[in-house]
Structure formats: C-alpha cells, structure tokens
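Here is model04.cif, consisting of mmCIF, C-alpha atoms and all ligand atoms:
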data_final
loop_
_atom_site.label_atom_id
_atom_site.label_comp_id
_atom_site.auth_asym_id
_atom_site.auth_seq_id
_atom_site.Cartn_x
_atom_site.Cartn_y
_atom_site.Cartn_z
CA MET O 1 147.78 112.46 183.04
CA ALA O 2 145.51 113.76 185.78
CA ILE O 3 148.08 116.09 187.35
CA SER O 4 148.53 119.11 185.15
CA ASN O 5 148.69 122.88 185.24
CA LYS O 6 145.48 122.76 187.30
CA ALA O 7 147.73 122.14 190.32
CA LEU O 8 147.28 124.46 193.30
CA GLU O 9 150.60 126.19 192.62
CA PHE O 10 149.14 127.87 189.50
CA ASN O 11 146.60 129.80 191.59
CA SER O 12 146.93 133.23 193.16
CA LYS O 13 148.83 133.70 196.40
CA GLU O 14 145.51 134.22 198.25
CA THR O 15 143.92 131.02 196.91
CA ILE O 16 147.06 129.03 197.68
CA GLU O 17 147.16 130.38 201.25
CA LYS O 18 143.46 129.63 201.79
CA GLU O 19 143.85 126.04 200.60
CA GLN O 20 147.09 125.56 202.55
CA PHE O 21 145.33 126.74 205.70
CA CYS O 22 142.54 124.14 205.25
CA LEU O 23 145.18 121.43 204.75
CA LEU O 24 147.13 122.71 207.78
CA GLN O 25 144.01 122.42 209.94
CA GLU O 26 143.55 118.83 208.76
CA GLU O 27 147.21 118.10 209.52
CA LEU O 28 147.00 119.65 213.01
CA ASP O 29 143.85 117.74 213.81
CA TYR O 30 145.52 114.53 212.61
CA ILE O 31 148.80 114.93 214.53
CA SER O 32 147.07 116.03 217.73
CA LYS O 33 145.22 112.70 217.65
CA ARG O 34 147.81 110.38 216.13
CA SER O 35 151.36 111.60 216.87
CA PRO O 36 152.54 110.81 220.43
CA PHE O 37 155.25 113.48 220.14
CA TYR O 38 153.06 116.34 218.92
CA ARG O 39 150.10 115.37 221.15
CA ASN O 40 152.42 115.80 224.09
CA VAL O 41 153.99 119.06 222.81
CA LEU O 42 150.64 120.70 221.96
CA ARG O 43 149.18 119.66 225.32
CA LYS O 44 152.18 121.14 227.17
CA ILE O 45 151.90 124.53 225.45
CA LYS O 46 148.09 124.38 225.67
CA ILE O 47 147.42 124.84 221.96
CA LYS O 48 144.48 123.12 220.31
CA PRO O 49 144.14 122.85 216.52
CA ALA O 50 141.08 125.14 216.76
CA ASP O 51 143.29 127.93 218.20
CA ILE O 52 145.03 128.25 214.82
CA LYS O 53 142.61 130.52 212.98
CA SER O 54 144.70 131.71 210.03
CA MET O 55 148.08 131.22 208.39
CA HIS O 56 149.39 134.09 210.53
CA ASP O 57 148.95 131.83 213.55
CA LEU O 58 151.38 129.30 212.08
CA SER O 59 154.24 131.16 213.82
CA SER O 60 152.65 130.46 217.21
CA LEU O 61 153.16 126.73 216.65
CA PRO O 62 156.39 125.19 217.97
CA LEU O 63 159.38 124.54 215.74
CA THR O 64 160.60 120.97 215.36
CA LYS O 65 164.36 120.54 215.57
CA LYS O 66 166.36 117.71 214.04
CA GLU O 67 167.62 116.77 217.54
CA GLN O 68 164.01 116.17 218.64
CA LEU O 69 163.40 113.97 215.63
CA GLN O 70 166.58 112.06 216.45
CA LYS O 71 165.70 111.67 220.14
CA HIS O 72 162.01 110.84 219.82
CA ASN O 73 162.11 109.34 216.31
CA TRP O 74 159.32 106.75 216.66
CA GLY O 75 157.21 109.13 218.74
CA PHE O 76 156.61 111.03 215.49
CA SER O 77 155.00 108.04 213.81
CA CYS O 78 151.23 108.38 213.41
CA VAL O 79 150.63 104.87 212.10
CA ASP O 80 151.03 101.33 213.37
CA LYS O 81 153.61 99.01 211.87
CA LYS O 82 151.12 97.36 209.55
CA ALA O 83 150.44 100.63 207.73
CA ILE O 84 154.11 101.29 206.95
CA ALA O 85 155.00 100.75 203.30
CA ASP O 86 158.57 102.09 203.11
CA ILE O 87 161.20 103.25 205.59
CA VAL O 88 163.80 105.79 204.55
CA SER O 89 166.67 107.27 206.47
CA THR O 90 168.73 110.42 206.42
CA THR O 91 172.48 109.90 206.05
CA GLY O 92 173.28 110.80 209.65
CA THR O 93 176.23 113.06 208.78
CA THR O 94 175.23 115.21 211.74
CA GLY O 95 174.46 112.86 214.60
CA ALA O 96 172.21 109.80 214.70
CA PRO O 97 170.35 108.85 211.52
CA VAL O 98 166.63 109.51 211.46
CA PHE O 99 164.11 107.01 210.14
CA ILE O 100 161.07 108.28 208.28
CA VAL O 101 158.12 105.99 207.69
CA LEU O 102 155.93 106.28 204.63
CA THR O 103 152.55 104.67 204.09
CA LYS O 104 151.19 103.68 200.70
CA LYS O 105 149.38 107.04 200.62
CA ASP O 106 152.66 108.85 201.43
CA LEU O 107 154.33 107.11 198.48
CA GLY O 108 151.50 108.48 196.32
CA ARG O 109 152.21 111.96 197.75
CA LEU O 110 155.91 111.49 196.99
CA ALA O 111 155.18 110.53 193.38
CA ARG O 112 152.78 113.45 192.99
CA ASN O 113 155.40 115.84 194.33
CA GLU O 114 157.87 114.62 191.73
CA VAL O 115 155.30 114.90 188.94
CA TYR O 116 154.90 118.57 189.90
CA SER O 117 158.69 118.96 189.89
CA PHE O 118 159.16 117.25 186.52
CA LEU O 119 156.36 119.40 185.08
CA CYS O 120 158.19 122.50 186.37
CA ALA O 121 161.21 121.35 184.36
CA GLY O 122 159.07 120.99 181.25
CA ALA O 123 159.02 117.17 181.20
CA THR O 124 156.20 115.41 179.36
CA ASP O 125 154.96 111.84 178.97
CA ASN O 126 157.04 111.65 175.77
CA ASP O 127 160.29 111.86 177.75
CA THR O 128 162.66 109.03 178.65
CA PHE O 129 164.85 109.62 181.70
CA HIS O 130 168.28 108.23 182.45
CA LEU O 131 168.09 107.97 186.25
CA ALA O 132 171.62 108.13 187.66
CA VAL O 133 170.92 108.38 191.39
CA THR O 134 171.20 105.98 194.32
CA ILE O 135 168.00 104.02 194.64
CA ASP O 136 168.95 101.67 197.54
CA ASN O 137 170.44 102.16 201.03
CA LEU O 138 167.22 103.73 202.46
CA PHE O 139 167.61 106.81 200.26
CA LEU O 140 164.42 108.62 199.40
CA ALA O 141 165.41 110.63 196.33
CA GLY O 142 165.95 107.68 193.98
CA ILE O 143 162.54 106.09 194.51
CA ALA O 144 160.87 109.50 194.51
CA TYR O 145 162.15 110.30 191.00
CA TYR O 146 161.50 106.79 189.78
CA MET O 147 157.87 106.83 190.91
CA GLY O 148 157.37 110.42 189.77
CA ILE O 149 158.53 109.71 186.23
CA ILE O 150 156.23 106.69 186.00
CA GLU O 151 153.31 108.67 187.44
CA LEU O 152 153.96 111.37 184.83
CA GLY O 153 153.58 108.72 182.14
CA ALA O 154 157.17 109.13 180.93
CA SER O 155 159.77 106.32 180.67
CA VAL O 156 162.69 105.66 182.98
CA TYR O 157 165.60 103.31 183.42
CA ARG O 158 167.71 102.99 186.56
CA ALA O 159 171.31 103.53 185.51
CA GLY O 160 172.60 103.96 189.07
CA MET O 161 175.70 105.95 189.97
CA HIS O 162 178.65 103.85 188.83
CA ASN O 163 180.65 102.83 185.77
CA ILE O 164 180.94 105.86 183.48
CA LYS O 165 181.56 103.63 180.44
CA ARG O 166 178.23 101.87 180.94
CA GLN O 167 176.47 105.19 181.56
CA ILE O 168 177.70 106.41 178.16
CA LEU O 169 176.77 103.14 176.47
CA LEU O 170 173.21 103.35 177.89
CA LEU O 171 172.90 106.95 176.72
CA LYS O 172 173.77 105.81 173.21
CA GLN O 173 171.65 102.65 173.25
CA LEU O 174 168.47 103.85 174.98
CA LYS O 175 168.43 107.43 173.68
CA PRO O 176 166.95 109.22 176.71
CA THR O 177 165.71 112.80 176.37
CA GLY O 178 166.51 113.72 179.97
CA ILE O 179 168.95 112.81 182.70
CA MET O 180 168.37 112.99 186.45
CA THR O 181 171.48 112.93 188.63
CA VAL O 182 173.83 114.93 190.86
CA PRO O 183 175.98 117.67 189.24
CA SER O 184 179.40 116.15 189.99
CA PHE O 185 178.34 112.82 188.49
CA LEU O 186 176.93 114.48 185.38
CA LEU O 187 180.27 116.26 185.04
CA GLN O 188 182.09 112.91 185.18
CA ILE O 189 179.81 111.48 182.47
CA GLY O 190 180.28 114.63 180.37
CA LYS O 191 184.08 114.40 180.68
CA GLY O 192 183.90 110.68 179.79
CA ILE O 193 181.94 111.53 176.63
CA ARG O 194 184.47 114.21 175.65
CA GLU O 195 187.37 111.77 176.23
CA LYS O 196 185.74 109.42 173.72
CA LYS O 197 185.84 112.30 171.22
CA ILE O 198 182.04 112.35 171.08
CA ASN O 199 180.23 115.68 170.92
CA PRO O 200 177.80 115.36 173.88
CA MET O 201 175.24 117.45 172.01
CA SER O 202 175.05 114.77 169.31
CA LEU O 203 173.41 112.52 171.94
CA SER O 204 169.62 112.52 172.43
CA VAL O 205 169.71 114.08 175.96
CA LYS O 206 168.41 117.63 176.01
CA LYS O 207 167.83 118.42 179.68
CA ALA O 208 169.23 117.54 183.09
CA LEU O 209 167.49 117.70 186.47
CA LEU O 210 170.11 118.05 189.16
CA VAL O 211 169.88 117.35 192.86
CA GLY O 212 172.16 117.24 195.87
CA GLU O 213 174.49 120.10 194.99
CA SER O 214 173.46 123.57 193.96
CA ILE O 215 174.33 124.60 190.41
CA ARG O 216 173.47 128.24 191.10
CA ASP O 217 174.83 131.09 193.16
CA GLN O 218 172.69 133.47 195.20
CA ASP O 219 171.87 135.63 192.13
CA PHE O 220 170.72 132.53 190.17
CA SER O 221 173.71 132.64 187.82
CA LEU O 222 175.51 129.32 187.40
CA SER O 223 177.82 128.43 190.29
CA GLY O 224 181.39 127.26 189.72
CA ILE O 225 180.33 123.64 189.22
CA GLY O 226 177.31 124.78 187.19
CA GLU O 227 179.57 126.70 184.78
CA LEU O 228 181.99 123.81 184.50
CA LEU O 229 179.11 121.46 183.77
CA TYR O 230 177.61 123.73 181.15
CA LYS O 231 180.96 124.12 179.40
CA THR O 232 181.44 120.35 179.33
CA TRP O 233 177.90 119.49 178.31
CA PRO O 234 175.61 122.42 177.49
CA LEU O 235 172.29 120.88 178.49
CA ASP O 236 169.16 122.70 179.65
CA LEU O 237 169.98 122.52 183.39
CA TYR O 238 167.34 122.49 186.14
CA SER O 239 168.17 122.67 189.81
CA THR O 240 166.02 120.74 192.28
CA PHE O 241 166.14 120.70 196.06
CA GLY O 242 164.92 117.75 198.09
CA ASN O 243 164.35 117.20 201.81
CA SER O 244 164.07 113.59 202.99
CA GLU O 245 162.46 114.23 206.39
CA THR O 246 159.45 115.95 204.82
CA ALA O 247 159.56 113.82 201.63
CA ILE O 248 159.42 116.88 199.42
CA SER O 249 161.26 118.51 196.54
CA TYR O 250 161.27 121.95 194.94
CA CYS O 251 162.14 122.46 191.28
CA GLU O 252 163.02 125.30 188.95
CA CYS O 253 160.81 126.16 186.00
CA GLN O 254 162.10 127.37 182.63
CA TYR O 255 162.79 130.86 184.04
CA LYS O 256 165.27 129.48 186.60
CA GLN O 257 164.62 132.17 189.19
CA GLY O 258 164.14 129.96 192.22
CA ALA O 259 162.67 126.50 192.83
CA HIS O 260 158.89 126.19 193.16
CA GLU O 261 157.08 124.95 196.25
CA HIS O 262 154.37 122.38 195.55
CA SER O 263 151.84 124.16 197.68
CA ASP O 264 149.31 121.41 198.44
CA LEU O 265 152.09 119.26 199.93
CA ILE O 266 154.25 121.66 201.97
CA ILE O 267 154.31 125.07 203.67
CA THR O 268 157.56 127.03 203.32
CA GLU O 269 158.93 129.46 205.91
CA ILE O 270 162.29 131.24 206.17
CA ILE O 271 163.23 132.33 209.69
CA ASP O 272 166.15 134.03 211.42
CA GLU O 273 167.94 132.65 214.50
CA ASN O 274 165.23 134.12 216.75
CA GLY O 275 162.43 132.46 214.81
CA LYS O 276 161.32 135.69 213.11
CA ALA O 277 160.01 135.40 209.54
CA MET O 278 162.44 136.80 206.98
CA PRO O 279 161.23 139.12 204.22
CA ASP O 280 161.60 138.13 200.56
CA GLY O 281 165.19 137.82 199.38
CA GLU O 282 166.75 137.77 202.86
CA SER O 283 168.45 134.58 203.88
CA GLY O 284 167.50 132.46 206.85
CA GLU O 285 166.74 128.86 207.77
CA LEU O 286 164.30 126.90 205.64
CA VAL O 287 161.44 125.61 207.83
CA LEU O 288 158.92 123.15 206.42
CA THR O 289 155.46 121.96 207.46
CA THR O 290 154.21 118.85 205.70
CA LEU O 291 150.69 118.68 204.28
CA GLN O 292 148.72 115.56 203.40
CA THR O 293 151.23 113.28 205.15
CA GLN O 294 150.16 110.12 206.95
CA GLY O 295 153.22 108.31 208.37
CA MET O 296 155.37 111.01 209.98
CA PRO O 297 153.97 114.52 209.50
CA LEU O 298 156.31 117.32 210.60
CA LEU O 299 155.33 120.67 211.96
CA ARG O 300 157.65 123.61 211.25
CA TYR O 301 160.65 121.36 210.73
CA CYS O 302 163.98 123.24 210.86
CA THR O 303 165.97 121.84 207.94
CA GLY O 304 169.27 123.53 208.83
CA ASP O 305 169.51 124.72 205.21
CA ILE O 306 170.00 128.42 204.52
CA THR O 307 168.18 130.02 201.62
CA PHE O 308 165.67 132.80 200.90
CA LYS O 309 162.16 132.97 199.50
CA ILE O 310 160.45 134.83 196.68
CA THR O 311 156.71 135.26 196.93
CA GLU O 312 155.93 137.24 193.77
CA ARG O 313 154.20 135.37 190.97
CA CYS O 314 156.63 133.70 188.58
CA ALA O 315 156.63 134.40 184.83
CA CYS O 316 155.67 130.73 184.32
CA GLY O 317 152.27 131.44 185.90
CA ARG O 318 152.87 129.69 189.20
CA GLY O 319 151.89 131.69 192.26
CA SER O 320 153.65 129.34 194.70
CA VAL O 321 156.54 130.42 196.89
CA ARG O 322 159.98 129.89 195.37
CA ILE O 323 163.18 129.25 197.28
CA GLY O 324 166.63 130.39 196.21
CA PRO O 325 169.69 128.15 195.90
CA ILE O 326 170.80 126.56 199.17
CA LEU O 327 173.55 128.88 200.39
CA GLY O 328 174.86 126.55 203.07
CA ARG O 329 174.12 124.72 206.30
CA LYS O 330 173.16 126.82 209.31
CA SER O 331 175.83 125.17 211.47
CA GLN O 332 178.53 126.03 208.90
CA MET O 333 178.00 129.78 208.87
CA LEU O 334 181.31 131.63 209.11
CA LYS O 335 181.75 135.22 210.08
CA TYR O 336 184.67 136.94 208.42
CA LYS O 337 185.23 140.60 209.36
CA GLY O 338 181.50 141.09 209.88
CA THR O 339 180.53 139.29 206.63
CA LYS O 340 178.50 136.08 206.81
CA VAL O 341 179.78 133.43 204.47
CA TYR O 342 179.09 129.72 203.93
CA PRO O 343 181.76 127.28 202.74
CA LYS O 344 179.61 126.63 199.65
CA ALA O 345 180.29 130.12 198.32
CA ILE O 346 184.04 129.52 198.64
CA GLU O 347 183.65 126.09 196.99
CA SER O 348 181.77 127.65 194.10
CA ALA O 349 184.63 130.12 193.58
CA ILE O 350 187.31 127.38 193.73
CA ALA O 351 185.46 125.33 191.07
CA ARG O 352 186.00 128.19 188.59
CA VAL O 353 189.81 128.03 188.83
CA LYS O 354 191.82 125.73 186.53
CA GLY O 355 194.60 123.58 187.95
CA VAL O 356 192.86 122.64 191.22
CA GLY O 357 193.15 118.92 192.02
CA ASN O 358 191.12 118.90 195.23
CA TYR O 359 190.57 121.19 198.20
CA VAL O 360 189.48 121.45 201.79
CA ILE O 361 188.19 124.49 203.67
CA GLU O 362 189.10 124.65 207.35
CA ALA O 363 187.62 127.02 209.92
CA PHE O 364 189.37 127.95 213.18
CA THR O 365 188.58 130.31 216.01
CA GLY O 366 191.03 133.21 215.65
CA ASP O 367 192.81 135.02 218.48
CA ASP O 368 190.15 137.74 218.45
CA PHE O 369 187.41 135.02 218.62
CA SER O 370 186.42 135.72 215.00
CA ASP O 371 186.52 132.94 212.42
CA LYS O 372 189.75 132.20 210.60
CA ILE O 373 189.38 130.48 207.22
CA VAL O 374 192.15 128.42 205.65
CA VAL O 375 191.72 126.94 202.18
CA LYS O 376 194.10 124.11 201.33
CA VAL O 377 194.22 123.39 197.63
CA GLY O 378 195.81 120.21 196.34
CA CYS O 379 197.64 120.64 193.04
CA LYS O 380 200.46 119.15 190.95
CA LYS O 381 202.40 122.38 190.40
CA LYS O 382 202.41 124.89 193.26
CA ARG O 383 202.55 128.02 191.10
CA ASP O 384 202.05 131.40 192.70
CA SER O 385 199.80 132.39 189.77
CA LEU O 386 197.39 129.62 190.85
CA ARG O 387 197.35 130.87 194.42
CA GLN O 388 196.73 134.40 193.18
CA ALA O 389 193.89 133.26 190.88
CA LEU O 390 192.26 131.44 193.82
CA CYS O 391 192.51 134.50 196.10
CA THR O 392 191.03 136.77 193.41
CA ASP O 393 188.15 134.41 192.61
CA ILE O 394 187.27 133.71 196.23
CA GLU O 395 187.32 137.41 197.02
CA ALA O 396 185.15 138.22 193.98
CA HIS O 397 182.55 135.50 194.50
CA ALA O 398 182.52 134.83 198.24
CA ARG O 399 183.55 138.32 199.44
CA VAL O 400 186.12 136.97 201.90
CA THR O 401 189.93 136.74 201.85
CA PRO O 402 190.91 133.45 203.43
CA ILE O 403 194.45 132.13 203.77
CA VAL O 404 195.08 130.02 200.65
CA LYS O 405 197.73 127.30 200.88
CA LEU O 406 198.87 125.16 197.96
CA VAL O 407 199.65 121.61 199.09
CA SER O 408 199.88 118.16 197.52
CA VAL O 409 196.75 116.32 196.32
CA HIS O 410 197.66 113.55 198.77
CA GLU O 411 197.68 115.94 201.75
CA VAL O 412 194.14 117.08 200.89
CA ASP O 413 193.06 113.46 200.36
CA VAL O 414 194.20 112.62 203.89
CA LEU O 415 192.34 115.62 205.36
CA GLN O 416 189.15 114.95 203.39
CA SER O 417 188.96 111.32 204.47
CA ASP O 418 190.36 111.92 207.99
CA ASN O 419 193.23 109.61 207.13
CA GLY O 420 191.01 107.06 205.42
CA LYS O 421 188.47 106.86 208.26
CA ASN O 422 185.60 108.62 206.42
CA ARG O 423 183.98 107.15 203.34
CA LYS O 424 182.22 110.42 202.65
CA LEU O 425 184.89 112.98 201.79
CA LYS O 426 184.71 116.27 203.64
CA THR O 427 185.39 119.55 201.89
CA PHE O 428 184.73 121.57 205.04
CA ILE O 429 186.34 120.88 208.41
CA ASP O 430 185.19 122.88 211.39
CA HIS O 431 187.86 123.27 214.11
CA ARG O 432 186.13 126.23 215.75
CA THR O 433 185.91 126.19 219.51
CA ILE O 434 183.29 128.94 219.49
CA LYS O 435 180.54 129.08 216.87
CA THR O 436 179.70 132.56 215.56
CA LYS O 437 176.13 133.82 215.63
ZN ZN O 501 158.20 129.58 187.56
#

Can I see the file as structure tokens?
Amino acid sequence: MAISNKALEFNSKETIEKEQFCLLQEELDYISKRSPFYRNVLRKIKIKPADIKSMHDLSSLPLTKKEQLQKHNWGFSCVDKKAIADIVSTTGTTGAPVFIVLTKKDLGRLARNEVYSFLCAGATDNDTFHLAVTIDNLFLAGIAYYMGIIELGASVYRAGMHNIKRQILLLKQLKPTGIMTVPSFLLQIGKGIREKKINPMSLSVKKALLVGESIRDQDFSLSGIGELLYKTWPLDLYSTFGNSETAISYCECQYKQGAHEHSDLIITEIIDENGKAMPDGESGELVLTTLQTQGMPLLRYCTGDITFKITERCACGRGSVRIGPILGRKSQMLKYKGTKVYPKAIESAIARVKGVGNYVIEAFTGDDFSDKIVVKVGCKKKRDSLRQALCTDIEAHARVTPIVKLVSVHEVDVLQSDNGKNRKLKTFIDHRTIKTK
C-alpha cells in the first residue's frame, strides 16, 4: 500500500500550510484558465492567481455559495464531456439538485481520500468491510467508500441498505471485521440481531465507520443516537463527515476528538456570518476549497454546515486541522432567549428518552419576533412522566425549554411526510416568517 503514515497530514502545521499553499496556487491557476464561472468572477474582482502570495490571502478570494453552484452549475466544469468519468448529484433537499462531474483522476482523488479516512479509523488491508450504504442514484458516498476500501487493499462487499434479515445473514456468512453505514441503519441491524437472541459481540465485526448523522455532541461525547447505538451494539465507533460537492470526507482517529482533514486534498475554514475566520473551538460555517481536483474544483465553498475547528496537533501524530461534530445546518439556526441552538441538539436529547415513537421539531416566529420551538412527540401512552423526562433532557443537553406536546405516532407521521407527499421524512419543520441572525 503506497498511501501510509507518510501522508501530508502527519507533518507539522507549517509544512502542511506550505504544501497546501503550493497546491492552492496550482488550483487557482487551473480554474482561472479552465472554469468559465471562476474566470469570470476573478476577472470581475481583478484578482490574478499571482496576487495570492500566502495562505493569509485566501480570505481575499470570493466565497462560493450553493445558490451560485445551482444557478451556474455547468459553468463550474473545467473539462469537456469526453473527460467526464462519473456524474454525482446532491439530494436537492434545499432547492435544485447540483451535478458534480468527476474525471478519472478525480475518482483516484476520491479513493485516496477514503484511504486516508479508513487509515484514520485504524483499518488495514486485513479488514473486510460490510458496506451498507446507497451506491446508486448518483450518490457519491457509496462509490467513495467502495473504491477507498479496494485502494487500501482491504476487502468489501456491497450489502446495500435494505432487508435487515439478509444483512444479519451476510454478517454471519462473510465474517466482516468492519461495517460502514449510517447510524440509524446500524441501530436497526443491531436491534435485529438482539431480537434473534444473538449477542452482537459474538459476531466478527469490531468497528463501525458511520456517516450521514453525527454520533457525537459538541464535547465529543456520544450523542443520543450514539449512546443508543453503543448500548445495542458496543462496537468501536468512528464518525466520518462527507461533502459531495467537494468530493471529500473527514474521519476520526482512535482518539475521537474531531475528524481529520486530509490536507493535500482540501483546505478547511470556519467563518462567521460576516465571513470572518473563527478561532479554534468557536462554531461557524464550514467552508471548503478543493485541492488537486480536475472536473469541478470549488473555491471557498460554503457548505451550510455548522461546526468548529481544532488546529492543535492530535495525539495520533496528525498535524492536520480537525473539525468537530456537525452541530446543524446554518439555515436551521434557532435563537431561543439569546441562546443559539440547532434542531440536532434537541434531536440528540430526544433520542436519550425511552418511550418516544417518533418526533418532529417545529419552529415559529413568536409574537416578540424571537423563535418559538414546539416539539411534538409521538407515543403510545401520553404519560406526564414522559413529557417531564423530555423537558428535563432537552433542557440539560440543548439548553433550551421548548413546548413539548405528546401526540399520537400517526399525527407525527403525517407531519413528517407532509401528509404522505415527502418520501424523505422531516424531523424539523421551519414555519418562521423571519429568520434569526
Ligand atoms: Zn488524530
């Protein structure tokens, strides 16, 4: 295996920054020649790649917003049709879907990124992975993991994300050492194993790499779903974060104090609403600049995800920037009596309470123009002790006191699916007429 602990991320902060700056210059030179969108933008603001003389100048480059990518999608492409190897798409939950083109070289970058991530999680070429993620429907994550595992020299089989019985059968028959999936699906498999009166720890799986939902709270302790998962199936859990637009992922190492940036492939920034860089540990929007990308490089792409960064060297020896758990989406920020809160924190608290069937968090604009939060919890028995437990847990973990209403599971079902219209169930519904800042 050629990719090892000689990767850039094991160097000092200074060496990483120096190398990233060289790669940034290459990227700027490339997009100013090849990307119709960026050529136009850079010409308008009269910035030439040569004007960027150090990493400090990165902040003088324009931010790229998702709306721009949606509006000028193909203007971001730096290659002609013949060079495109794969086309992926974001889900389009917020507005029009975006298509991202990847060349053969980009697919190599994608695989390399995942090798770095799997190495972070302690995977070796002796591992066999049960891959329970979606690999079709223009999704990026599935093929990224698949190619990464193969590039690492480990083994993989594509179990997909359906049929719990078959998942369990495959776990018994093929004896994987690791599983790669989303937390809620792993929980379903774990519950299925328990229902069969099998001790999950008697199976060969030792670790799980989890994507899509955060299994940690802001202080890196397990979130509500993380705790539930660990109680059901106490595996060595690793949280990963992926971004489709920049074809990148971050992964925790064995110390589980933030997910590592793979520094030769991406530059990480955290900014506030005015574009100012946030100091370590303070939350803001995650902004990414791709490196070594050929098809659709992105400059300071605003992901809409809220997290924080840690720049001190990790105990694992990596000097690369780490990012904290994703705290929420920028557009979903709620302000409750001066406290900023994201629905995710409330969700994490709800997951800790027994007796909850399903739930939906609704936000309204209150009479005083502040945000009003209503949590509707679907349950079989509407006991006041359940309502009290929910209030206490939400207050303790999310530091807000929303209105908690116990309703029927059916009522929540209807709200989550907008009366059957949405296939993707919503756990947060925003009715606000004014968005807080
Ligand atoms: Zn580390």

Which protein, DNA or RNA residues have an atom within 12 Å of ligand ZN 501 (chain O), counting all atoms listed in the file, as number ranges by chain? O: 5, 9-10, 116-117, 119-122, 238, 250-262, 310-323

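For the point (146.3, 113.9, 197.7) in file coordinates, the residues within 8 Å, using all atoms listed in the file, are Gly108, Arg109 and Gln292 of chain O.
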
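Distances from O:Ser331, O:Gln173, O:Ser59, O:Gln416 to Ile267 (chain O) were compared using all atoms listed in the file, and the smallest one belongs to O:Ser59.
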
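Considering only C-alpha atoms, the residue among O:Val88, O:Ile306, O:Ile52, O:Ala141 positioned nearest to Leu28 (chain O) is O:Ile52.
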
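Checking O:Trp233, O:Phe428, O:Ile266, O:Gly357 one by one against Arg329 (chain O), counting all atoms listed in the file, you find the shortest gap at O:Phe428.
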
Restricting the calculation to only C-alpha atoms: of O:Phe220, O:Ser263, O:Ile143, O:Ile403, which residue gets closest to Asn11 (chain O)? O:Ser263

Point-to-point distance in Å for CA of Ile87 (chain O) and CA of Leu138 (chain O): 6.8 Å

Which residues are close to Thr289 (chain O), i.e. within 10 Å by all atoms listed in the file, leaving aside same-chain residues fewer than 6 positions away? Reply as an mmCIF file with C-alpha atoms, in the coordinates of the input.
data_model
loop_
_atom_site.group_PDB
_atom_site.id
_atom_site.type_symbol
_atom_site.label_atom_id
_atom_site.label_comp_id
_atom_site.auth_asym_id
_atom_site.auth_seq_id
_atom_site.Cartn_x
_atom_site.Cartn_y
_atom_site.Cartn_z
ATOM 1 C CA LEU O 24 147.130 122.710 207.780
ATOM 2 C CA GLU O 27 147.210 118.100 209.520
ATOM 3 C CA LEU O 58 151.380 129.300 212.080
ATOM 4 C CA LEU O 63 159.380 124.540 215.740
ATOM 5 C CA THR O 64 160.600 120.970 215.360
ATOM 6 C CA THR O 246 159.450 115.950 204.820
ATOM 7 C CA LEU O 265 152.090 119.260 199.930
ATOM 8 C CA ILE O 266 154.250 121.660 201.970
ATOM 9 C CA ILE O 267 154.310 125.070 203.670
ATOM 10 C CA THR O 268 157.560 127.030 203.320
ATOM 11 C CA GLU O 269 158.930 129.460 205.910
ATOM 12 C CA PRO O 297 153.970 114.520 209.500
ATOM 13 C CA LEU O 298 156.310 117.320 210.600
ATOM 14 C CA LEU O 299 155.330 120.670 211.960
ATOM 15 C CA ARG O 300 157.650 123.610 211.250
ATOM 16 C CA TYR O 301 160.650 121.360 210.730
ATOM 17 C CA CYS O 302 163.980 123.240 210.860
#

Name all residues at most 8 Å from region 205-209 of chain O (count only C-alpha atoms; drop same-chain ones fewer than 5 positions away) and give them as a PyMOL selection string. chain O and resi 121+171+175-181+235-240

Between O:His72, O:Lys66, O:Lys354, O:Arg432, which has the minimum distance to Val287 (chain O) (counting all atoms listed in the file)? O:Lys66

Using only C-alpha atoms, find the one residue out of O:Ser348, O:Ser221, O:Val400, O:Val360 that sits nearest to Lys372 (chain O). O:Val400

Could you work out how far CA of Asp384 (chain O) lies from CA of Ser408 (chain O), giving the answer in Å with one decimal? 14.3 Å

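Here CA of Ser35 (chain O) and CA of Asp86 (chain O) stand 18.2 Å from one another.
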
Neighbouring residues of Lys382 (chain O) were defined as those with any atom within 8 Å, considering only C-alpha atoms; residues of the same chain fewer than 4 positions away were excluded. Please report them as a list in words. Leu386, Arg387, Leu406 and Val407 of chain O

I'd like the box whose edges run along x, y and z of the file and which contains every listed atom of region 362-372 of chain O, padded by 5 Å per side; could you state its centre and edge lengths in Å, one decimal, as lines of an AutoDock Vina configuration file?
center_x = 189.6
center_y = 131.2
center_z = 213.0
size_x = 16.4
size_y = 23.1
size_z = 21.3
